[in-house]
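**Student:** File my_file_0.txt below, compact mmCIF, C-alpha atoms:
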# COMPACT_ATOMS: atom_id res chain seq x y z
CA MET A 10 -3.35 22.98 14.03
CA PRO A 11 -0.16 20.97 14.67
CA GLY A 12 2.80 23.22 15.05
CA SER A 13 0.81 26.37 15.63
CA GLY A 14 2.20 28.47 18.40
CA SER A 15 5.75 27.34 17.65
CA ARG A 16 8.63 29.56 18.66
CA SER A 17 9.02 30.81 15.11
CA GLY A 18 5.37 31.74 14.99
CA VAL A 19 4.99 29.82 11.72
CA SER A 20 2.08 27.41 11.38
CA TYR A 21 2.37 24.04 9.70
CA ASP A 22 -0.45 21.80 8.65
CA ALA A 23 -0.45 18.04 9.24
CA ARG A 24 1.52 17.45 6.06
CA GLY A 25 4.27 19.79 7.18
CA LEU A 26 3.32 22.57 4.80
CA VAL A 27 3.61 26.17 5.75
CA GLU A 28 1.30 28.75 4.32
CA PRO A 29 0.56 32.21 5.60
CA HIS A 30 -2.34 32.73 3.16
CA ALA A 31 -4.19 29.53 2.29
CA ASP A 32 -7.55 31.04 1.39
CA MET A 33 -8.98 29.99 -1.95
CA PRO A 34 -8.72 32.86 -4.45
CA THR A 35 -11.98 34.61 -5.23
CA ASN A 36 -11.01 36.09 -8.58
CA ILE A 37 -11.48 32.95 -10.66
CA GLU A 38 -13.66 33.22 -13.77
CA VAL A 39 -15.14 29.88 -14.82
CA ASP A 40 -16.92 29.35 -18.12
CA GLY A 41 -17.90 25.73 -18.61
CA GLY A 42 -14.75 23.67 -18.83
CA ARG A 43 -12.52 26.73 -19.01
CA ALA A 44 -11.25 29.02 -16.27
CA ARG A 45 -8.88 31.94 -15.85
CA PHE A 46 -7.53 33.97 -12.98
CA ASP A 47 -5.00 36.70 -12.28
CA ALA A 48 -2.18 35.40 -10.11
CA SER A 49 -0.39 38.68 -9.50
CA ALA A 50 -1.77 39.20 -5.97
CA LEU A 51 -1.86 35.50 -5.00
CA THR A 52 0.64 33.40 -3.09
CA ILE A 53 2.24 30.33 -4.62
CA ARG A 54 0.03 28.03 -2.59
CA GLN A 55 -3.11 29.95 -3.49
CA ILE A 56 -2.29 29.58 -7.18
CA ASN A 57 -1.65 25.86 -6.83
CA MET A 58 -4.75 25.41 -4.67
CA ALA A 59 -6.83 27.11 -7.33
CA LEU A 60 -5.36 24.94 -10.07
CA ARG A 61 -6.03 21.75 -8.11
CA LYS A 62 -9.58 22.74 -7.20
CA LEU A 63 -10.44 23.68 -10.76
CA ILE A 64 -8.85 20.61 -12.35
CA TYR A 65 -9.63 17.95 -9.76
CA ASN A 66 -12.93 19.09 -8.23
CA ASP A 67 -14.66 21.43 -10.67
CA GLY A 68 -14.18 19.49 -13.90
CA VAL A 69 -12.29 22.32 -15.56
CA THR A 70 -9.99 21.09 -18.30
CA ASP A 71 -8.49 24.34 -19.55
CA VAL A 72 -7.03 26.95 -17.18
CA THR A 73 -5.32 30.25 -18.01
CA VAL A 74 -3.14 31.80 -15.32
CA LEU A 75 -2.49 35.50 -15.89
CA ASN A 76 0.58 37.24 -14.49
CA PRO A 77 2.45 34.40 -12.76
CA SER A 78 5.03 37.08 -11.95
CA SER A 79 8.02 34.71 -11.73
CA LYS A 80 6.60 32.92 -8.72
CA HIS A 81 8.22 29.56 -8.07
CA SER A 82 6.81 26.03 -8.07
CA LEU A 83 3.62 26.77 -10.00
CA ALA A 84 1.46 23.96 -11.42
CA VAL A 85 3.51 21.28 -9.70
CA GLY A 86 2.17 17.81 -9.07
CA ILE A 87 -0.83 18.04 -11.39
CA LEU A 88 -1.63 14.39 -12.17
CA LYS A 89 -4.50 14.71 -14.64
CA ARG A 90 -5.00 15.39 -18.33
CA CYS A 91 -5.79 19.10 -18.78
CA ARG A 92 -4.53 22.25 -20.45
CA ILE A 93 -2.82 25.01 -18.49
CA HIS A 94 -1.70 28.26 -20.08
CA PHE A 95 0.55 30.77 -18.35
CA GLU A 96 0.27 34.33 -19.66
CA GLY A 97 3.65 35.50 -18.43
CA SER A 98 6.73 33.99 -16.86
CA PRO A 99 6.71 31.51 -13.97
CA GLY A 100 9.84 31.22 -11.82
CA TRP A 101 11.77 28.14 -10.69
CA PHE A 102 10.46 24.57 -10.73
CA ALA A 103 7.37 25.30 -12.81
CA CYS A 104 5.33 22.26 -13.85
CA GLY A 105 7.45 19.84 -11.82
CA LEU A 106 6.22 16.31 -11.14
CA ILE A 107 3.31 16.58 -13.56
CA ASP A 108 1.64 13.56 -15.12
CA GLY A 109 -0.72 14.40 -17.98
CA PRO A 110 -1.11 18.17 -18.42
CA GLU A 111 -0.42 20.02 -21.64
CA VAL A 112 1.10 23.34 -20.59
CA THR A 113 1.96 26.40 -22.62
CA ILE A 114 4.02 29.28 -21.24
CA ASN A 115 4.24 32.39 -23.35
CA GLY A 116 7.09 33.88 -21.33
CA ARG A 117 10.35 32.63 -19.86
CA VAL A 118 10.94 30.18 -17.03
CA GLY A 119 13.62 29.83 -14.38
CA TRP A 120 15.49 26.74 -13.21
CA SER A 121 14.18 23.20 -13.43
CA VAL A 122 11.04 23.59 -15.49
CA ALA A 123 9.17 20.27 -15.84
CA GLU A 124 11.55 18.61 -13.42
CA ASN A 125 10.55 14.95 -13.01
CA MET A 126 7.69 15.22 -15.51
CA MET A 127 6.08 11.79 -15.93
CA SER A 128 3.94 12.57 -18.98
CA GLY A 129 2.48 15.58 -20.73
CA VAL A 130 3.63 18.38 -22.99
CA VAL A 131 5.25 21.62 -21.76
CA THR A 132 5.89 24.30 -24.36
CA ILE A 133 7.81 27.48 -23.48
CA GLU A 134 7.74 30.27 -26.02
CA ARG A 135 10.96 31.93 -24.80
CA SER A 136 14.11 30.86 -22.96
CA ALA A 137 14.55 28.69 -19.87
CA GLY A 138 17.13 28.55 -17.08
CA SER A 139 19.45 25.80 -15.98
CA LEU A 140 18.36 22.25 -15.19
CA THR A 141 15.56 22.38 -17.73
CA GLY A 142 13.82 19.02 -17.71
CA ALA A 143 15.91 17.67 -14.83
CA ALA A 144 15.17 13.99 -14.23
CA ILE A 145 12.30 14.09 -16.73
CA ARG A 146 10.79 10.61 -17.12
CA GLY A 147 8.36 11.03 -19.98
CA GLY A 148 6.53 13.51 -22.20
CA ASP A 149 7.67 16.34 -24.41
CA LEU A 150 9.36 19.55 -23.23
CA ILE A 151 9.82 22.22 -25.88
CA VAL A 152 11.78 25.43 -25.32
CA LYS A 153 11.59 27.95 -28.14
CA GLY A 154 14.72 29.79 -27.08
CA ASP A 155 18.00 29.12 -25.28
CA VAL A 156 18.47 27.15 -22.07
CA GLY A 157 21.12 27.17 -19.36
CA ALA A 158 23.40 24.47 -18.05
CA ARG A 159 22.68 20.80 -17.30
CA THR A 160 19.58 20.48 -19.46
CA GLY A 161 18.03 17.06 -18.94
CA ILE A 162 20.41 16.14 -16.12
CA ASP A 163 19.56 12.62 -14.99
CA GLN A 164 16.95 12.36 -17.76
CA LYS A 165 15.18 9.01 -17.57
CA GLY A 166 12.84 9.29 -20.54
CA GLY A 167 10.86 11.76 -22.62
CA THR A 168 11.94 14.23 -25.26
CA ILE A 169 13.48 17.67 -24.70
CA ILE A 170 13.52 20.00 -27.70
CA VAL A 171 15.44 23.29 -27.63
CA THR A 172 15.25 25.53 -30.66
CA GLY A 173 18.21 27.64 -29.48
CA ASP A 174 21.49 26.94 -27.71
CA VAL A 175 22.17 24.85 -24.60
CA GLY A 176 24.77 25.42 -21.89
CA ILE A 177 27.44 23.25 -20.33
CA ASN A 178 26.91 19.68 -19.15
CA THR A 179 23.76 19.18 -21.20
CA GLY A 180 22.53 15.61 -20.77
CA PHE A 181 24.76 15.01 -17.73
CA MET A 182 24.15 11.46 -16.47
CA MET A 183 21.30 11.01 -18.94
CA GLN A 184 19.85 7.51 -18.63
CA ARG A 185 17.14 7.35 -21.29
CA GLY A 186 15.12 9.58 -23.57
CA ARG A 187 15.98 12.04 -26.27
CA GLN A 188 17.25 15.61 -26.57
CA ILE A 189 16.93 17.58 -29.79
CA ILE A 190 19.10 20.70 -29.76
CA CYS A 191 18.67 22.96 -32.77
CA GLY A 192 21.44 25.39 -31.80
CA ASN A 193 24.90 24.99 -30.31
CA ALA A 194 25.87 22.94 -27.25
CA GLY A 195 28.29 24.01 -24.54
CA MET A 196 31.14 22.02 -23.01
CA ASN A 197 30.79 18.42 -21.83
CA LEU A 198 27.77 17.38 -23.82
CA GLY A 199 26.36 14.08 -22.54
CA ASP A 200 28.94 13.73 -19.79
CA SER A 201 28.67 10.36 -18.01
CA MET A 202 25.46 9.46 -19.81
CA TYR A 203 24.22 5.87 -19.46
CA ASP A 204 21.94 5.75 -22.46
CA GLY A 205 19.57 7.85 -24.60
CA ALA A 206 20.30 10.03 -27.61
CA ILE A 207 21.22 13.67 -28.05
CA TYR A 208 20.75 15.31 -31.44
CA VAL A 209 22.56 18.60 -32.09
CA ALA A 210 22.19 20.75 -35.20
CA GLY A 211 24.79 23.37 -34.29
CA LYS A 212 28.34 23.19 -32.98
CA VAL A 213 29.33 21.13 -29.96
CA ARG A 214 32.01 22.82 -27.87
CA SER A 215 33.17 19.51 -26.41
CA LEU A 216 31.85 16.05 -25.62
CA GLY A 217 31.73 14.83 -22.05
CA VAL A 218 33.16 11.60 -20.71
CA ASP A 219 31.85 8.56 -22.64
CA CYS A 220 29.66 10.57 -25.02
CA VAL A 221 30.38 9.57 -28.62
CA PRO A 222 28.91 10.20 -32.08
CA GLY A 223 26.14 7.70 -32.86
CA GLU A 224 24.97 6.04 -36.04
CA TRP A 225 21.95 7.61 -37.67
CA ASP A 226 19.10 5.34 -38.71
CA ASP A 227 15.54 5.57 -40.02
CA ALA A 228 14.09 5.68 -36.51
CA ASP A 229 16.06 8.89 -35.85
CA THR A 230 14.67 10.51 -38.99
CA GLU A 231 11.13 9.43 -38.09
CA LEU A 232 11.49 10.80 -34.54
CA ILE A 233 12.86 14.19 -35.60
CA GLU A 234 10.32 14.68 -38.38
CA ARG A 235 7.39 13.63 -36.16
CA LYS A 236 8.37 15.88 -33.25
CA PHE A 237 8.91 18.87 -35.51
CA ARG A 238 5.58 18.25 -37.25
CA ILE A 239 3.40 17.77 -34.15
CA HIS A 240 4.92 20.75 -32.35
CA GLY A 241 4.80 23.05 -35.39
CA LEU A 242 8.53 23.68 -35.47
CA GLY A 243 8.85 23.87 -39.27
CA ASP A 244 11.40 21.95 -41.27
CA PRO A 245 14.07 20.27 -39.15
CA PRO A 246 17.70 21.15 -39.74
CA GLU A 247 20.36 18.48 -40.13
CA PHE A 248 21.43 16.93 -36.86
CA GLN A 249 24.39 15.01 -35.51
CA LYS A 250 23.54 12.20 -33.11
CA PHE A 251 25.42 11.52 -29.88
CA VAL A 252 25.05 8.47 -27.67
CA CYS A 253 26.76 6.74 -24.77
CA GLY A 254 30.00 4.90 -25.56
CA LYS A 255 29.21 2.47 -22.71
CA GLN A 256 32.79 2.37 -21.49
CA LEU A 257 32.33 4.28 -18.26
CA HIS A 258 29.70 2.55 -16.18
CA ASN A 259 29.58 -0.98 -14.84
CA TYR A 260 26.21 -1.97 -16.23
CA ASP A 261 26.22 -5.28 -14.34
CA ALA A 262 26.09 -3.31 -11.08
CA LEU A 263 22.94 -1.39 -11.95
CA GLU A 264 19.58 -2.10 -10.39
CA PRO A 265 17.73 -4.94 -12.18
CA SER A 266 15.27 -2.63 -13.86
CA GLU A 267 17.98 -0.25 -15.02
CA ARG A 268 20.09 -3.09 -16.36
CA LYS A 269 17.22 -4.55 -18.32
CA LEU A 270 16.29 -1.17 -19.69
CA VAL A 271 19.84 -0.56 -20.84
CA ILE A 272 20.39 -3.97 -22.39
CA HIS A 273 17.23 -3.92 -24.46
CA MET B 3 6.01 -18.22 -6.46
CA ALA B 4 8.00 -16.35 -9.09
CA GLY B 5 10.87 -14.39 -7.71
CA SER B 6 10.94 -16.04 -4.28
CA VAL B 7 13.77 -17.97 -2.69
CA SER B 8 13.97 -20.07 0.44
CA THR B 9 15.80 -18.53 3.39
CA GLY B 10 16.73 -22.00 4.65
CA GLU B 11 15.16 -21.29 8.04
CA SER B 12 11.80 -22.83 7.36
CA PRO B 13 10.06 -24.24 4.30
CA ARG B 14 7.38 -21.59 4.78
CA GLU B 15 9.74 -18.65 4.92
CA THR B 16 10.45 -17.01 1.59
CA ARG B 17 12.10 -13.82 0.57
CA THR B 18 10.88 -12.03 -2.55
CA VAL B 19 13.69 -11.00 -4.82
CA ALA B 20 11.95 -10.09 -8.06
CA ILE B 21 9.62 -7.15 -8.55
CA ASP B 22 6.71 -8.81 -10.25
CA ALA B 23 3.31 -7.19 -10.79
CA GLU B 24 1.38 -10.40 -10.25
CA VAL B 25 3.27 -11.12 -7.02
CA LEU B 26 2.37 -7.66 -5.77
CA ALA B 27 -1.26 -8.06 -6.86
CA GLY B 28 -1.52 -11.63 -5.65
CA LYS B 29 -2.95 -12.80 -8.96
CA ARG B 30 -2.45 -12.92 -12.69
CA PHE B 31 -4.71 -10.85 -14.95
CA ALA B 32 -6.56 -12.11 -18.01
CA TYR B 33 -4.96 -9.57 -20.32
CA GLN B 34 -1.55 -11.07 -19.55
CA GLU B 35 -2.70 -14.25 -21.30
CA ASP B 36 -5.14 -13.07 -23.98
CA MET B 37 -4.06 -10.57 -26.63
CA SER B 38 -7.65 -9.99 -27.79
CA LEU B 39 -8.33 -8.14 -24.53
CA VAL B 40 -5.85 -5.39 -25.41
CA GLU B 41 -6.16 -5.19 -29.20
CA ASP B 42 -8.71 -2.36 -29.24
CA ILE B 43 -6.82 -0.03 -26.88
CA ASP B 44 -6.19 3.38 -28.43
CA LEU B 45 -2.72 4.43 -27.32
CA LEU B 46 -3.03 7.93 -28.77
CA ALA B 47 -6.24 8.55 -26.85
CA ALA B 48 -4.63 7.29 -23.65
CA THR B 49 -1.73 9.72 -23.74
CA PRO B 50 -1.32 13.52 -23.75
CA GLY B 51 -0.45 15.39 -26.92
CA PRO B 52 -0.66 14.29 -30.54
CA ASP B 53 1.65 11.25 -30.29
CA ILE B 54 2.07 8.49 -27.73
CA ASN B 55 4.07 10.77 -25.44
CA TRP B 56 5.47 8.90 -22.41
CA LEU B 57 4.73 5.52 -23.96
CA GLU B 58 7.55 6.21 -26.40
CA ASP B 59 9.87 5.05 -23.62
CA ILE B 60 7.92 1.88 -22.94
CA THR B 61 9.28 -1.13 -24.77
CA LEU B 62 8.97 -4.88 -24.49
CA LEU B 63 11.54 -6.20 -22.01
CA SER B 64 11.92 -9.57 -20.35
CA GLU B 65 11.76 -10.79 -16.76
CA ASP B 66 12.70 -14.31 -15.69
CA GLY B 67 12.98 -15.16 -19.39
CA VAL B 68 9.37 -14.13 -20.04
CA PRO B 69 8.37 -11.12 -22.17
CA ALA B 70 7.36 -8.31 -19.83
CA VAL B 71 6.59 -4.63 -19.67
CA PHE B 72 7.85 -2.40 -16.86
CA ASP B 73 5.17 -0.64 -14.81
CA ARG B 74 6.85 2.51 -13.50
CA TYR B 75 3.91 3.22 -11.21
CA SER B 76 4.66 0.16 -9.09
CA ASN B 77 8.30 -0.42 -10.07
CA SER B 78 7.40 -3.92 -11.19
CA PHE B 79 7.40 -6.09 -14.29
CA LEU B 80 4.12 -7.19 -15.82
CA LYS B 81 4.72 -10.45 -17.66
CA ILE B 82 3.04 -11.24 -20.97
CA TYR B 83 2.26 -14.92 -21.58
CA PHE B 84 0.67 -14.90 -25.04
CA ASP B 85 2.61 -15.03 -28.30
CA ILE B 86 3.33 -11.55 -29.57
CA PRO B 87 3.27 -11.12 -33.36
CA PRO B 88 6.69 -10.17 -34.73
CA GLY B 89 7.01 -6.45 -35.35
CA ARG B 90 4.37 -5.55 -32.75
CA GLU B 91 6.43 -6.12 -29.60
CA ASP B 92 6.49 -2.56 -28.25
CA GLU B 93 2.90 -1.81 -29.32
CA ILE B 94 1.56 -4.85 -27.48
CA ALA B 95 3.70 -4.12 -24.42
CA ARG B 96 2.25 -0.59 -24.31
CA LYS B 97 -1.31 -1.84 -24.70
CA VAL B 98 -0.94 -4.39 -21.92
CA LEU B 99 0.49 -1.71 -19.64
CA ILE B 100 -2.31 0.76 -20.40
CA LYS B 101 -4.89 -1.97 -19.78
CA HIS B 102 -3.23 -2.71 -16.44
CA LEU B 103 -3.24 0.96 -15.47
CA THR B 104 -6.73 1.88 -16.67
CA GLU B 105 -8.23 -1.03 -14.77
CA GLY B 106 -6.52 0.14 -11.60
CA ASN B 107 -4.54 -3.06 -11.13
CA SER B 108 -1.14 -1.47 -10.73
CA TYR B 109 0.00 -1.92 -7.13
CA GLY B 110 0.94 1.76 -6.97
CA ILE B 111 -2.68 2.66 -7.69
CA THR B 112 -4.02 0.33 -5.00
CA LEU B 113 -1.80 2.07 -2.47
CA LYS B 114 -3.10 5.53 -3.30
CA ASP B 115 -6.45 5.23 -1.56
CA VAL B 116 -4.79 4.44 1.75
CA HIS B 117 -1.61 6.44 1.68
CA CYS B 118 -1.75 9.48 -0.58
CA LYS B 119 -1.63 12.75 1.30
CA PHE B 120 -2.82 15.08 -1.41
CA PRO B 121 -5.90 15.02 -3.62
CA GLN B 122 -5.17 13.30 -6.90
CA VAL B 123 -6.85 11.15 -9.50
CA GLU B 124 -6.92 7.55 -8.39
CA LEU B 125 -6.36 5.89 -11.74
CA GLY B 126 -4.01 8.45 -13.24
CA PRO B 127 -4.20 10.65 -16.32
CA TRP B 128 -5.19 7.81 -18.68
CA VAL B 129 -8.80 7.75 -17.40
CA ASP B 130 -11.05 10.79 -17.89
CA ASP B 131 -13.48 10.28 -15.04
CA SER B 132 -11.22 8.78 -12.41
CA PRO B 133 -12.29 9.31 -8.78
CA ILE B 134 -10.28 11.68 -6.60
CA VAL B 135 -8.49 10.18 -3.60
CA GLY B 136 -6.35 11.70 -0.88
CA THR B 137 -8.87 14.34 0.12
CA ASP B 138 -9.14 13.29 3.77
CA TRP B 139 -5.65 12.13 4.70
CA LYS B 140 -5.09 12.12 8.42
CA GLN B 141 -1.78 11.96 10.17
CA PRO B 142 -1.31 8.43 11.57
CA VAL B 143 -1.08 8.33 15.34
CA LEU B 144 0.64 5.49 17.18
CA GLU B 145 -1.71 4.17 19.84
CA GLY B 146 -0.58 5.10 23.32
CA TRP B 147 2.10 7.50 22.07
CA THR B 148 2.35 10.96 23.53
CA ALA B 149 4.63 13.73 22.48
CA PRO B 150 7.73 14.16 24.66
CA ALA B 151 7.65 17.07 27.03
CA GLY B 152 8.56 20.29 25.34
CA HIS B 153 7.25 19.29 21.92
Can you present the structure in this file as structure tokens?
**Tutor:**
Amino acid sequence: MPGSGSRSGVSYDARGLVEPHADMPTNIEVDGGRARFDASALTIRQINMALRKLIYNDGVTDVTVLNPSSKHSLAVGILKRCRIHFEGSPGWFACGLIDGPEVTINGRVGWSVAENMMSGVVTIERSAGSLTGAAIRGGDLIVKGDVGARTGIDQKGGTIIVTGDVGINTGFMMQRGRQIICGNAGMNLGDSMYDGAIYVAGKVRSLGVDCVPGEWDDADTELIERKFRIHGLGDPPEFQKFVCGKQLHNYDALEPSERKLVIH
Amino acid sequence: MAGSVSTGESPRETRTVAIDAEVLAGKRFAYQEDMSLVEDIDLLAATPGPDINWLEDITLLSEDGVPAVFDRYSNSFLKIYFDIPPGREDEIARKVLIKHLTEGNSYGITLKDVHCKFPQVELGPWVDDSPIVGTDWKQPVLEGWTAPAGH
């Protein structure tokens, strides 16, 4: 194996990955298109290997992971339609880079859940850490609790829904997409955003640079009512809308695709 | 060729400026010219969750003055040459894009078979029975190259 016998004694595979225990877990129960396994004694890579094998190779479309035990980077890079349910709380970077899965988490999550999600639905029954939905590009991310700072930083699409409060710098450098905040927002909401919309039902401590109140229209009402209905969030409260004032950035200097996306 | 300019060095030398799906693919596709080929596409079925999910961010744009939809999987514009009925601009743009992706014509998809390092579905999440690619990636080796001493 390339890299084996290195001074550090750590082995790397050809892709540059390191893994002390890369054996496929043996405690997976499969029943038709459904599977479940206990992750408490497994390494991060073993858990992700099991998910990939089940979803890509074995035709399983519904996986339950018991006891994720706050391990980081679980269910990352899953690029197929499926359902994944975590019974417990994953750690940082859960469900990053996914394209298609519908994930439910009945615990909490740490930093950067659903970071760079391309499509799918991630629903968290409790609170989430900072950088929730960082650079998300599509899909729905629902947090039924509070979240930390910089929610949706560099958001390029998709919808983030938080039923509780959000921390400082929410929507920092947001470029597209939507955030629906049912609670209060911390300082610098929407700071340096390029585009997109942030809806807040509670109090906003302060607006960031170039974030301004926006005009409400029928499309906003349709969006809010549809998202609340399909995610079973009850009756929506009344929201204020915030958008980009478009005074900060030089839009002519953006990449062609970004410029076109903004102008439309 | 759309999006190409002469370098002035030679009439044959061109430099591609635009990011155009048909330039990348080397051809234009029938569904860019015939709306009937995309009319029956079910956008809800093609996307996760109970609404159109990521397609909510896909809208009709324009490239070189032609209506176009942006294909994020190849960072290119897919032009639409047929007349789009008023009021259906975004819906048609989404249907053309999904047709392009499900048929595996996106340049990003064509690259997967050769270059992806990790097992993944070839056509993406919009096709149920897509083949898996990236299962036998091998590290490229430059012919005649040997590792320097000590490595």
**Student:** Quick one: of A:Arg238, A:Lys89, A:His258, A:Arg135, who's nearest to chain B, counting all atoms listed in the file?
**Tutor:**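 The closest residue to chain B is A:Lys89.
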**Student:** Distance cut-off 9 Å, counting all atoms listed in the file - which residues of chain B neighbour chain A? Return them as a PyMOL selection string.
**Tutor:** chain B and resi 20-21+49-59+61-65+72+77-79+119-123+126-130+134+140-141
**Student:** Find the residues near segment 40-55 of chain A: any atom within 10 Å, counting all atoms listed in the file, skip ones fewer than 6 places away on the same chain, and give them as number ranges by chain.
**Tutor:** A: 26-34, 61, 63-64, 67-84, 92-96
**Student:** Mind pulling up the distance from atom CA of Asp219 of chain A to atom CA of Leu198 of chain A?
**Tutor:** 9.8 Å
**Student:** Which residues of segment 176-201 of chain A have any atom within 9 Å of an atom in segment 241-254 of chain A when counting only C-alpha atoms, and what is the closest pair of atoms for each, with the distance in Å to one decimal? Order the rows by chain and rising number and write it as a Markdown table.
**Tutor:**
| residue | atom | partner | partner_atom | distance |
| --- | --- | --- | --- | --- |
| A:Ile189 | CA | A:Phe248 | CA | 8.4 |
| A:Ile190 | CA | A:Phe248 | CA | 8.4 |
| A:Cys191 | CA | A:Pro246 | CA | 7.3 |
| A:Leu198 | CA | A:Phe251 | CA | 8.8 |
| A:Gly199 | CA | A:Cys253 | CA | 7.7 |
| A:Asp200 | CA | A:Cys253 | CA | 8.9 |
| A:Ser201 | CA | A:Cys253 | CA | 7.9 |
**Student:** What lies within 12 Å of Asp85 of chain B using only C-alpha atoms, ignoring chain neighbours under 2 positions off, as an MDAnalysis selection string?
**Tutor:** chainID B and resid 34:38 68:70 81:83 87:91 94:95
**Student:** If you measure from atom CA of Glu124 of chain B to atom CA of Glu124 of chain A, what distance in Å do you get, rounded to one decimal?
**Tutor:**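 Going from atom CA of Glu124 of chain B over to atom CA of Glu124 of chain A covers 22.1 Å.
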**Student:** Enter the distance from atom CA of Gly217 of chain A to atom CA of Arg159 of chain A, in Å, rounded to one decimal.
**Tutor:** 11.8 Å
**Student:** Dump as a VMD selection string all residues having an atom at most 6 Å from (4.6, 29.3, -24.5), computed in the file's coordinates with only C-alpha atoms.
**Tutor:** chain A and resid 113 to 115 132 to 134
**Student:** Specify the axis-aligned box that encloses all atoms of segment 190-208 of chain A listed in the file after padding of 8 Å on each side, stating its centre and edge lengths in Å to one decimal as AutoDock Vina command-line options.
**Tutor:**
--center_x 24.9 --center_y 15.6 --center_z -25.4 --size_x 28.5 --size_y 35.6 --size_z 30.8
**Student:** Output file request: segment 224-236 of chain A, with N, CA and C atoms, as an mmCIF file, in the first residue's frame.
**Tutor:**
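Final output, saved to out22.cif:
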data_model
loop_
_atom_site.group_PDB
_atom_site.id
_atom_site.type_symbol
_atom_site.label_atom_id
_atom_site.label_comp_id
_atom_site.auth_asym_id
_atom_site.auth_seq_id
_atom_site.Cartn_x
_atom_site.Cartn_y
_atom_site.Cartn_z
ATOM 1 N N GLU A 224 -39.266 43.947 0.033
ATOM 2 C CA GLU A 224 -40.716 44.023 -0.193
ATOM 3 C C GLU A 224 -41.307 42.625 -0.259
ATOM 4 N N TRP A 225 -42.389 42.450 0.433
ATOM 5 C CA TRP A 225 -43.071 41.150 0.478
ATOM 6 C C TRP A 225 -43.992 41.013 -0.730
ATOM 7 N N ASP A 226 -43.972 39.845 -1.367
ATOM 8 C CA ASP A 226 -44.933 39.645 -2.460
ATOM 9 C C ASP A 226 -45.575 38.261 -2.358
ATOM 10 N N ASP A 227 -46.429 37.938 -3.317
ATOM 11 C CA ASP A 227 -47.177 36.682 -3.262
ATOM 12 C C ASP A 227 -46.254 35.457 -3.301
ATOM 13 N N ALA A 228 -45.133 35.590 -3.996
ATOM 14 C CA ALA A 228 -44.204 34.461 -4.072
ATOM 15 C C ALA A 228 -43.625 34.136 -2.697
ATOM 16 N N ASP A 229 -43.433 35.160 -1.868
ATOM 17 C CA ASP A 229 -42.927 34.934 -0.506
ATOM 18 C C ASP A 229 -43.960 34.162 0.317
ATOM 19 N N THR A 230 -45.201 34.584 0.208
ATOM 20 C CA THR A 230 -46.271 33.896 0.941
ATOM 21 C C THR A 230 -46.378 32.444 0.493
ATOM 22 N N GLU A 231 -46.327 32.227 -0.815
ATOM 23 C CA GLU A 231 -46.428 30.857 -1.349
ATOM 24 C C GLU A 231 -45.275 29.998 -0.836
ATOM 25 N N LEU A 232 -44.056 30.557 -0.859
ATOM 26 C CA LEU A 232 -42.873 29.811 -0.395
ATOM 27 C C LEU A 232 -43.014 29.413 1.070
ATOM 28 N N ILE A 233 -43.328 30.386 1.920
ATOM 29 C CA ILE A 233 -43.415 30.119 3.359
ATOM 30 C C ILE A 233 -44.507 29.087 3.639
ATOM 31 N N GLU A 234 -45.669 29.275 3.054
ATOM 32 C CA GLU A 234 -46.771 28.345 3.328
ATOM 33 C C GLU A 234 -46.452 26.939 2.820
ATOM 34 N N ARG A 235 -45.819 26.854 1.653
ATOM 35 C CA ARG A 235 -45.482 25.526 1.093
ATOM 36 C C ARG A 235 -44.438 24.817 1.963
ATOM 37 N N LYS A 236 -43.401 25.529 2.361
ATOM 38 C CA LYS A 236 -42.353 24.885 3.159
ATOM 39 C C LYS A 236 -42.883 24.452 4.527
#
